[in-house]
$ cat run-v1.csv   # CSV, C-alpha atoms
chain,number,residue,atom,x,y,z
A,1,MET,CA,125.8,142.5,129.1
A,2,PRO,CA,123.1,144.9,130.3
A,3,GLU,CA,124.2,148.5,129.9
A,4,LEU,CA,122.9,151.9,130.9
A,5,PRO,CA,119.6,151.8,129.0
A,6,GLU,CA,118.7,148.3,130.2
A,7,MET,CA,119.5,149.1,133.8
A,8,GLU,CA,117.6,152.4,133.7
A,9,ASN,CA,114.6,150.6,132.3
A,10,TYR,CA,114.8,148.1,135.2
A,11,ARG,CA,115.2,151.0,137.7
A,12,GLN,CA,112.0,152.6,136.4
A,13,LEU,CA,110.0,149.4,136.5
A,14,LEU,CA,111.2,148.4,139.9
A,15,SER,CA,110.5,151.9,141.3
A,16,GLN,CA,106.9,151.6,140.3
A,17,ARG,CA,106.4,148.2,142.1
A,18,ILE,CA,108.6,147.6,145.2
A,19,ILE,CA,109.0,150.9,147.0
A,20,ASN,CA,108.0,150.5,150.7
A,21,VAL,CA,106.7,147.0,150.2
A,22,PRO,CA,108.0,144.8,153.0
A,23,ILE,CA,110.3,141.9,152.0
A,24,THR,CA,108.5,138.8,153.1
A,25,ASN,CA,110.8,136.0,152.0
A,26,VAL,CA,114.3,135.5,150.5
A,27,ILE,CA,115.7,132.4,148.8
A,28,VAL,CA,119.4,132.1,147.9
A,29,ASN,CA,120.1,129.3,145.5
A,30,ARG,CA,123.8,130.3,144.8
A,31,GLU,CA,125.8,131.5,147.8
A,32,LYS,CA,128.6,132.9,145.5
A,33,THR,CA,126.1,135.5,144.3
A,34,ILE,CA,125.9,137.2,147.7
A,35,ASN,CA,128.7,138.5,149.9
A,36,MET,CA,127.9,136.9,153.3
A,37,GLU,CA,126.5,133.7,154.8
A,38,THR,CA,123.1,132.9,153.4
A,39,GLU,CA,121.4,132.9,156.8
A,40,ALA,CA,122.8,136.4,157.7
A,41,PHE,CA,121.8,137.7,154.3
A,42,ILE,CA,118.2,136.4,154.6
A,43,ASP,CA,117.8,137.6,158.2
A,44,ALA,CA,119.0,141.1,157.2
A,45,LEU,CA,116.4,141.4,154.4
A,46,ILE,CA,113.2,139.8,155.9
A,47,GLY,CA,111.0,142.7,156.9
A,48,ALA,CA,113.2,145.3,155.2
A,49,ARG,CA,111.7,147.8,152.8
A,50,VAL,CA,113.3,149.4,149.7
A,51,VAL,CA,112.8,153.1,149.9
A,52,PHE,CA,114.6,154.1,146.7
A,53,VAL,CA,116.0,152.4,143.6
A,54,GLU,CA,119.0,154.1,142.1
A,55,ARG,CA,121.0,153.3,138.9
A,56,ARG,CA,124.6,154.2,138.6
A,57,ALA,CA,126.3,153.2,135.4
A,58,LYS,CA,125.5,149.4,135.0
A,59,TYR,CA,124.7,149.0,138.7
A,60,ILE,CA,121.3,149.1,140.5
A,61,LEU,CA,121.3,150.1,144.2
A,62,PHE,CA,118.3,149.2,146.3
A,63,HIS,CA,118.3,151.7,149.2
A,64,LEU,CA,116.9,149.9,152.3
A,65,HIS,CA,115.0,151.6,155.1
A,66,ASP,CA,117.9,151.0,157.6
A,67,GLY,CA,120.4,152.8,155.4
A,68,ARG,CA,122.1,149.7,153.9
A,69,ARG,CA,122.0,149.0,150.2
A,70,LEU,CA,121.7,146.0,148.0
A,71,LEU,CA,124.2,146.4,145.2
A,72,LEU,CA,123.4,144.6,141.9
A,73,HIS,CA,125.5,144.1,138.9
A,74,LEU,CA,124.1,141.7,136.3
A,75,MET,CA,127.4,141.3,134.4
A,76,LEU,CA,127.1,139.0,131.3
A,77,GLY,CA,123.8,137.2,131.0
A,78,GLY,CA,122.0,138.5,134.1
A,79,LEU,CA,118.3,139.2,134.0
A,80,LEU,CA,115.5,140.3,136.3
A,81,PHE,CA,111.9,139.1,136.3
A,82,TYR,CA,109.1,140.3,138.6
A,83,GLY,CA,105.9,138.3,139.1
A,84,SER,CA,104.1,135.4,140.9
A,85,GLU,CA,105.4,131.9,141.3
A,86,GLU,CA,103.1,130.9,138.5
A,87,GLU,CA,104.5,133.4,136.1
A,88,ARG,CA,108.2,132.7,136.7
A,89,PRO,CA,110.3,131.8,133.7
A,90,ASP,CA,111.7,128.3,133.2
A,91,ARG,CA,115.2,129.4,134.2
A,92,ASN,CA,117.5,128.8,137.2
A,93,THR,CA,117.4,131.6,139.7
A,94,GLN,CA,120.3,132.6,142.0
A,95,VAL,CA,118.3,134.8,144.4
A,96,GLU,CA,114.6,135.3,144.9
A,97,ILE,CA,113.2,138.2,146.9
A,98,ALA,CA,109.5,138.1,147.7
A,99,PHE,CA,107.4,141.3,148.2
A,100,GLY,CA,104.2,139.6,149.3
A,101,ASP,CA,102.9,137.4,146.5
A,102,GLN,CA,105.1,139.1,144.0
A,103,ILE,CA,108.7,137.9,143.6
A,104,LEU,CA,111.8,139.5,142.1
A,105,TYR,CA,113.8,136.8,140.4
A,106,PHE,CA,117.5,137.3,139.8
A,107,MET,CA,118.7,135.0,137.0
A,108,GLY,CA,121.8,134.4,135.0
A,109,LEU,CA,124.1,135.7,137.7
A,110,ARG,CA,127.0,133.3,136.9
A,111,LEU,CA,129.3,136.3,137.0
A,112,GLY,CA,127.0,138.9,138.4
A,113,PHE,CA,126.3,139.6,142.1
A,114,LEU,CA,123.9,140.9,144.7
A,115,HIS,CA,125.7,142.3,147.7
A,116,LEU,CA,124.4,143.8,150.9
A,117,VAL,CA,126.6,146.7,151.7
A,118,SER,CA,126.9,149.8,153.9
A,119,VAL,CA,126.6,153.3,152.5
A,120,LYS,CA,130.4,153.7,152.8
A,121,GLU,CA,131.0,150.5,150.9
A,122,SER,CA,128.6,151.4,148.1
A,123,GLU,CA,130.0,154.9,147.8
A,124,ALA,CA,133.5,153.5,147.5
A,125,THR,CA,132.4,151.4,144.6
A,126,MET,CA,130.5,154.1,142.9
A,127,GLY,CA,133.3,156.6,143.4
A,128,LYS,CA,135.5,154.6,141.0
A,129,LEU,CA,133.1,155.2,138.1
A,130,GLY,CA,133.2,158.0,135.5
A,131,PRO,CA,130.5,160.5,135.0
A,132,GLU,CA,126.9,159.8,133.9
A,133,LEU,CA,126.6,160.7,130.2
A,134,LEU,CA,122.9,161.5,130.4
A,135,ASP,CA,123.2,163.6,133.6
A,136,ARG,CA,121.8,167.1,133.2
A,137,ARG,CA,125.2,168.5,134.2
A,138,MET,CA,126.9,166.8,131.2
A,139,THR,CA,127.5,169.4,128.5
A,140,PRO,CA,129.4,169.3,125.2
A,141,GLU,CA,132.2,171.3,126.9
A,142,ARG,CA,132.5,168.9,129.8
A,143,PHE,CA,132.5,166.0,127.5
A,144,ALA,CA,135.3,167.5,125.4
A,145,GLY,CA,137.2,167.9,128.6
A,146,ILE,CA,136.8,164.2,129.5
A,147,LEU,CA,138.4,163.3,126.1
A,148,LYS,CA,141.2,165.9,126.5
A,149,GLY,CA,144.6,164.1,126.8
A,150,ARG,CA,143.0,160.7,126.3
A,151,ARG,CA,144.7,158.3,123.9
A,152,GLY,CA,143.7,155.0,122.2
A,153,ALA,CA,140.8,153.6,120.2
A,154,LEU,CA,137.4,155.1,120.5
A,155,LYS,CA,135.6,151.9,121.4
A,156,SER,CA,138.1,151.2,124.2
A,157,LEU,CA,137.4,154.7,125.6
A,158,LEU,CA,133.6,154.4,125.4
A,159,VAL,CA,133.6,151.1,127.4
A,160,ASN,CA,136.1,152.3,130.0
A,161,GLN,CA,133.8,152.7,133.1
A,162,HIS,CA,136.4,154.8,134.9
A,163,VAL,CA,136.2,157.4,132.1
A,164,MET,CA,132.5,157.4,131.4
A,165,ALA,CA,129.9,155.2,133.0
A,166,GLY,CA,127.3,152.9,131.5
A,167,ILE,CA,128.4,152.1,128.0
A,168,GLY,CA,129.3,148.5,126.9
A,169,ASN,CA,129.9,146.6,123.7
A,170,CYS,CA,126.5,147.2,122.1
A,171,TYR,CA,126.0,150.9,122.6
A,172,ALA,CA,129.7,151.7,121.9
A,173,ASP,CA,129.2,150.3,118.4
A,174,GLU,CA,125.8,151.9,117.9
A,175,ILE,CA,127.2,155.3,119.0
A,176,ALA,CA,130.2,155.0,116.7
A,177,PHE,CA,127.9,154.2,113.8
A,178,ASP,CA,125.6,157.1,114.6
A,179,ALA,CA,128.5,159.5,114.7
A,180,GLY,CA,130.0,158.0,111.4
A,181,LEU,CA,133.2,157.1,113.2
A,182,LEU,CA,135.2,153.9,113.1
A,183,PRO,CA,135.4,152.2,116.5
A,184,SER,CA,139.2,152.0,115.9
A,185,VAL,CA,139.7,155.7,115.4
A,186,LEU,CA,142.3,157.1,117.8
A,187,VAL,CA,140.6,159.5,120.2
A,188,GLN,CA,143.6,161.9,120.2
A,189,ASN,CA,143.1,162.4,116.5
A,190,LEU,CA,139.4,163.4,116.7
A,191,SER,CA,138.7,167.0,115.5
A,192,PRO,CA,136.5,169.3,117.6
A,193,GLU,CA,133.7,168.7,115.1
A,194,ALA,CA,134.0,164.9,115.4
A,195,ILE,CA,134.0,165.2,119.2
A,196,SER,CA,130.8,167.3,119.1
A,197,ARG,CA,129.2,164.8,116.7
A,198,LEU,CA,130.2,162.0,119.1
A,199,TYR,CA,128.6,163.8,122.0
A,200,GLN,CA,125.4,164.2,120.2
A,201,SER,CA,125.4,160.5,119.1
A,202,ILE,CA,125.9,159.4,122.7
A,203,GLN,CA,123.0,161.5,123.9
A,204,LYS,CA,120.7,160.3,121.1
A,205,VAL,CA,121.5,156.6,121.2
A,206,LEU,CA,121.4,156.2,125.0
A,207,THR,CA,118.2,158.3,125.2
A,208,ASP,CA,116.4,156.4,122.4
A,209,ALA,CA,117.4,153.0,123.8
A,210,THR,CA,116.3,153.9,127.3
A,211,VAL,CA,112.9,155.1,126.1
A,212,ILE,CA,112.1,151.8,124.4
A,213,GLY,CA,113.5,149.5,127.0
A,214,GLY,CA,117.0,148.6,125.8
A,215,TYR,CA,117.9,145.3,124.2
A,216,MET,CA,117.2,142.7,126.9
A,217,GLU,CA,116.0,139.3,125.6
A,218,MET,CA,113.2,138.8,128.1
A,219,PRO,CA,110.4,141.0,129.5
A,220,PHE,CA,110.6,142.2,133.0
A,221,MET,CA,107.1,141.0,133.9
A,222,THR,CA,104.0,139.4,132.3
A,223,GLY,CA,102.5,142.0,129.9
A,224,ASP,CA,105.7,144.0,129.5
A,225,THR,CA,105.9,145.0,125.9
A,226,VAL,CA,108.6,147.6,126.3
A,227,THR,CA,111.7,145.8,127.7
A,228,GLY,CA,113.9,144.7,124.8
A,229,SER,CA,112.4,146.8,122.1
A,230,TYR,CA,115.7,148.3,121.1
A,231,ASN,CA,117.0,144.9,120.0
A,232,ASP,CA,115.3,145.4,116.7
A,233,GLN,CA,116.6,148.9,116.3
A,234,CYS,CA,120.3,148.2,116.4
A,235,LYS,CA,122.0,149.4,113.3
A,236,VAL,CA,125.3,147.5,113.5
A,237,TYR,CA,125.5,145.5,116.7
A,238,ASP,CA,125.2,141.7,116.1
A,239,ARG,CA,124.4,142.3,112.4
A,240,GLU,CA,127.5,140.9,110.8
A,241,GLY,CA,127.0,140.3,107.0
A,242,GLU,CA,123.8,142.3,106.9
A,243,PRO,CA,123.4,145.4,104.7
A,244,CYS,CA,124.1,148.8,106.3
A,245,LEU,CA,120.8,150.7,106.8
A,246,ARG,CA,122.5,153.9,105.9
A,247,ASP,CA,124.4,153.2,102.7
A,248,GLY,CA,123.8,149.5,101.8
A,249,GLY,CA,127.3,148.4,102.6
A,250,THR,CA,128.0,145.2,104.5
A,251,ILE,CA,128.3,145.2,108.3
A,252,ILE,CA,131.6,143.7,109.4
A,253,LYS,CA,132.5,142.0,112.7
A,254,THR,CA,136.1,142.1,114.0
A,255,GLU,CA,137.9,142.4,117.3
A,256,LEU,CA,139.5,145.3,119.0
A,257,SER,CA,141.5,144.9,122.2
A,258,GLY,CA,139.8,141.5,122.7
A,259,ARG,CA,136.3,142.9,122.2
A,260,LYS,CA,134.0,142.1,119.3
A,261,VAL,CA,133.2,145.2,117.1
A,262,PHE,CA,130.5,145.7,114.5
A,263,TYR,CA,130.7,148.5,112.0
A,264,CYS,CA,130.2,149.6,108.4
A,265,PRO,CA,133.5,150.2,106.6
A,266,ASP,CA,131.8,152.3,103.9
A,267,CYS,CA,130.1,155.0,106.0
A,268,GLN,CA,132.2,155.0,109.2
A,269,HIS,CA,135.5,157.0,108.9
A,270,GLU,CA,138.5,158.3,110.8
A,271,ALA,CA,136.9,161.8,111.3
$ encode --input "run-v1.csv" --output "structure tokens"
Amino acid sequence: MPELPEMENYRQLLSQRIINVPITNVIVNREKTINMETEAFIDALIGARVVFVERRAKYILFHLHDGRRLLLHLMLGGLLFYGSEEERPDRNTQVEIAFGDQILYFMGLRLGFLHLVSVKESEATMGKLGPELLDRRMTPERFAGILKGRRGALKSLLVNQHVMAGIGNCYADEIAFDAGLLPSVLVQNLSPEAISRLYQSIQKVLTDATVIGGYMEMPFMTGDTVTGSYNDQCKVYDREGEPCLRDGGTIIKTELSGRKVFYCPDCQHEA
């Protein structure tokens, strides 16, 4: 599932290409992906302009010139591609939005969605999310305050979007590895030093992954050599049975509260 780095990468790439370019055509191939009748959705978008692209947690919000917003969540398997009809990937698309001769293709939205919403509706959705971990207002002290009184496994906390926004399975495992902590360690047992280490690892992993385009499997457009570069940088995620890059131990895959977990039992500990 795309997480904060992937969606931030998309936000940056979209912001460079579609701002103030009139929408010239809309195709909806799967009505369940949108939140209204297809004809109404298309009529509302034709001629509209995106004036700002925002990312919040794992969401992208396309701010339209009339004040409404397109709210996108890719969920599991969702992808974006931007280009001409000739460049489009050989995949099914759920929605296509044309900006002149360039088209933004929404693919893999079996569980994801693209909803046209009011400001009030979008703010209600965003208001349920926890704070942004890379926000300039986030500090070690504020982060420690978020953890204060929390209980349960570290991984479960990291992926809880109501506590902190944007982390999913991949980066929760990468962050735990960088901090030298077991994903199963109980948050209430973390020392102040371990919490500080965890905060630094969150900042490092999310920033590094964002800079090199996250781990998406497909480029955003023809000639894009950045998107997906972090896929080869993962230290533990999806590396079951491979040697640990830190101490040579063997990466293990298990489950924790129904989620798959990758970690090194030799160099990740309880504190």
$ residues_near_point --input "run-v1.csv" --point "(118.7, 134.4, 148.8)" --cutoff "9 Å" --atoms "all atoms listed in the file" --output "ChimeraX atom specification"
/A:25-31,33-34,38-39,41-42,94-97
$ closest_residue --input "run-v1.csv" --among "A:Asp232, A:Asp247, A:Asp224, A:Glu86" --to "Ala209 (chain A)" --atoms "all atoms listed in the file"
A:Asp232
$ residues_around --input "run-v1.csv" --residues "Gly108 (chain A)" --least-positions-apart "4" --cutoff "12 Å" --atoms "only C-alpha atoms" --output "ChimeraX atom specification"
/A:1-2,29-30,33,73-81,89-95,112-114,218
$ closest_residue --input "run-v1.csv" --among "A:Ile146, A:Leu245, A:Leu134, A:Leu104" --to "Arg88 (chain A)" --atoms "all atoms listed in the file"
A:Leu104
$ closest_residue --input "run-v1.csv" --among "A:Arg69, A:Arg239, A:His63, A:Arg55" --to "Asp173 (chain A)" --atoms "all atoms listed in the file"
A:Arg239
$ residues_around --input "run-v1.csv" --residues "region 153-164 of chain A" --least-positions-apart "5" --cutoff "6 Å" --atoms "all atoms listed in the file" --output "list in words"
Leu129, Gly130, Pro131, Ala172, Pro183, Ser184, Val185, Leu186 and Val187 of chain A
$ atom_distance --input "run-v1.csv" --atom1 "CA of Thr227 (chain A)" --atom2 "CA of Tyr10 (chain A)"
8.4 Å
$ closest_residue --input "run-v1.csv" --among "A:Arg137, A:Lys128, A:Arg17, A:Lys120" --to "Tyr82 (chain A)" --atoms "all atoms listed in the file"
A:Arg17
$ closest_residue --input "run-v1.csv" --among "A:Ile60, A:Gln102, A:Glu6, A:His65" --to "Met221 (chain A)" --atoms "all atoms listed in the file"
A:Gln102
$ residues_around --input "run-v1.csv" --residues "region 261-266 of chain A" --least-positions-apart "5" --cutoff "9 Å" --atoms "only C-alpha atoms" --output "number ranges by chain"
A: 155, 169-170, 172-174, 176-177, 180, 182-183, 235-240, 243-244, 247-256
$ atom_distance --input "run-v1.csv" --atom1 "CA of Ile18 (chain A)" --atom2 "CA of Ala98 (chain A)"
9.9 Å
$ closest_residue --input "run-v1.csv" --among "A:Ala48, A:Ser15, A:Ile202, A:Phe220" --to "Phe106 (chain A)" --atoms "only C-alpha atoms"
A:Phe220
$ build_atoms --input "run-v1.csv" --residues "region 85-97 of chain A" --atoms "N, CA and C atoms" --output "short mmCIF file (atom, residue, chain, number, x, y, z; two decimals), keeping the file's coordinate frame"
data_model
loop_
_atom_site.label_atom_id
_atom_site.label_comp_id
_atom_site.auth_asym_id
_atom_site.auth_seq_id
_atom_site.Cartn_x
_atom_site.Cartn_y
_atom_site.Cartn_z
N GLU A 85 104.77 133.21 141.46
CA GLU A 85 105.40 131.90 141.30
C GLU A 85 104.90 131.24 140.01
N GLU A 86 103.63 131.45 139.66
CA GLU A 86 103.10 130.90 138.50
C GLU A 86 103.61 131.47 137.19
N GLU A 87 104.04 132.71 137.26
CA GLU A 87 104.50 133.40 136.10
C GLU A 87 106.03 133.27 135.86
N ARG A 88 106.75 132.74 136.81
CA ARG A 88 108.20 132.70 136.70
C ARG A 88 108.68 132.00 135.48
N PRO A 89 109.72 132.50 134.83
CA PRO A 89 110.30 131.80 133.70
C PRO A 89 110.92 130.50 134.01
N ASP A 90 111.07 129.66 133.04
CA ASP A 90 111.70 128.30 133.20
C ASP A 90 113.19 128.49 133.17
N ARG A 91 113.74 129.14 134.17
CA ARG A 91 115.20 129.40 134.20
C ARG A 91 115.64 129.19 135.68
N ASN A 92 116.91 128.89 135.83
CA ASN A 92 117.50 128.80 137.20
C ASN A 92 117.58 130.21 137.76
N THR A 93 117.29 130.32 139.04
CA THR A 93 117.40 131.60 139.70
C THR A 93 118.51 131.49 140.78
N GLN A 94 119.26 132.56 140.95
CA GLN A 94 120.30 132.60 142.00
C GLN A 94 119.80 133.14 143.29
N VAL A 95 118.93 134.15 143.17
CA VAL A 95 118.30 134.80 144.40
C VAL A 95 116.87 135.08 144.02
N GLU A 96 115.99 134.95 145.01
CA GLU A 96 114.60 135.30 144.90
C GLU A 96 114.21 136.17 146.09
N ILE A 97 113.64 137.34 145.85
CA ILE A 97 113.20 138.20 146.90
C ILE A 97 111.70 138.44 146.77
#
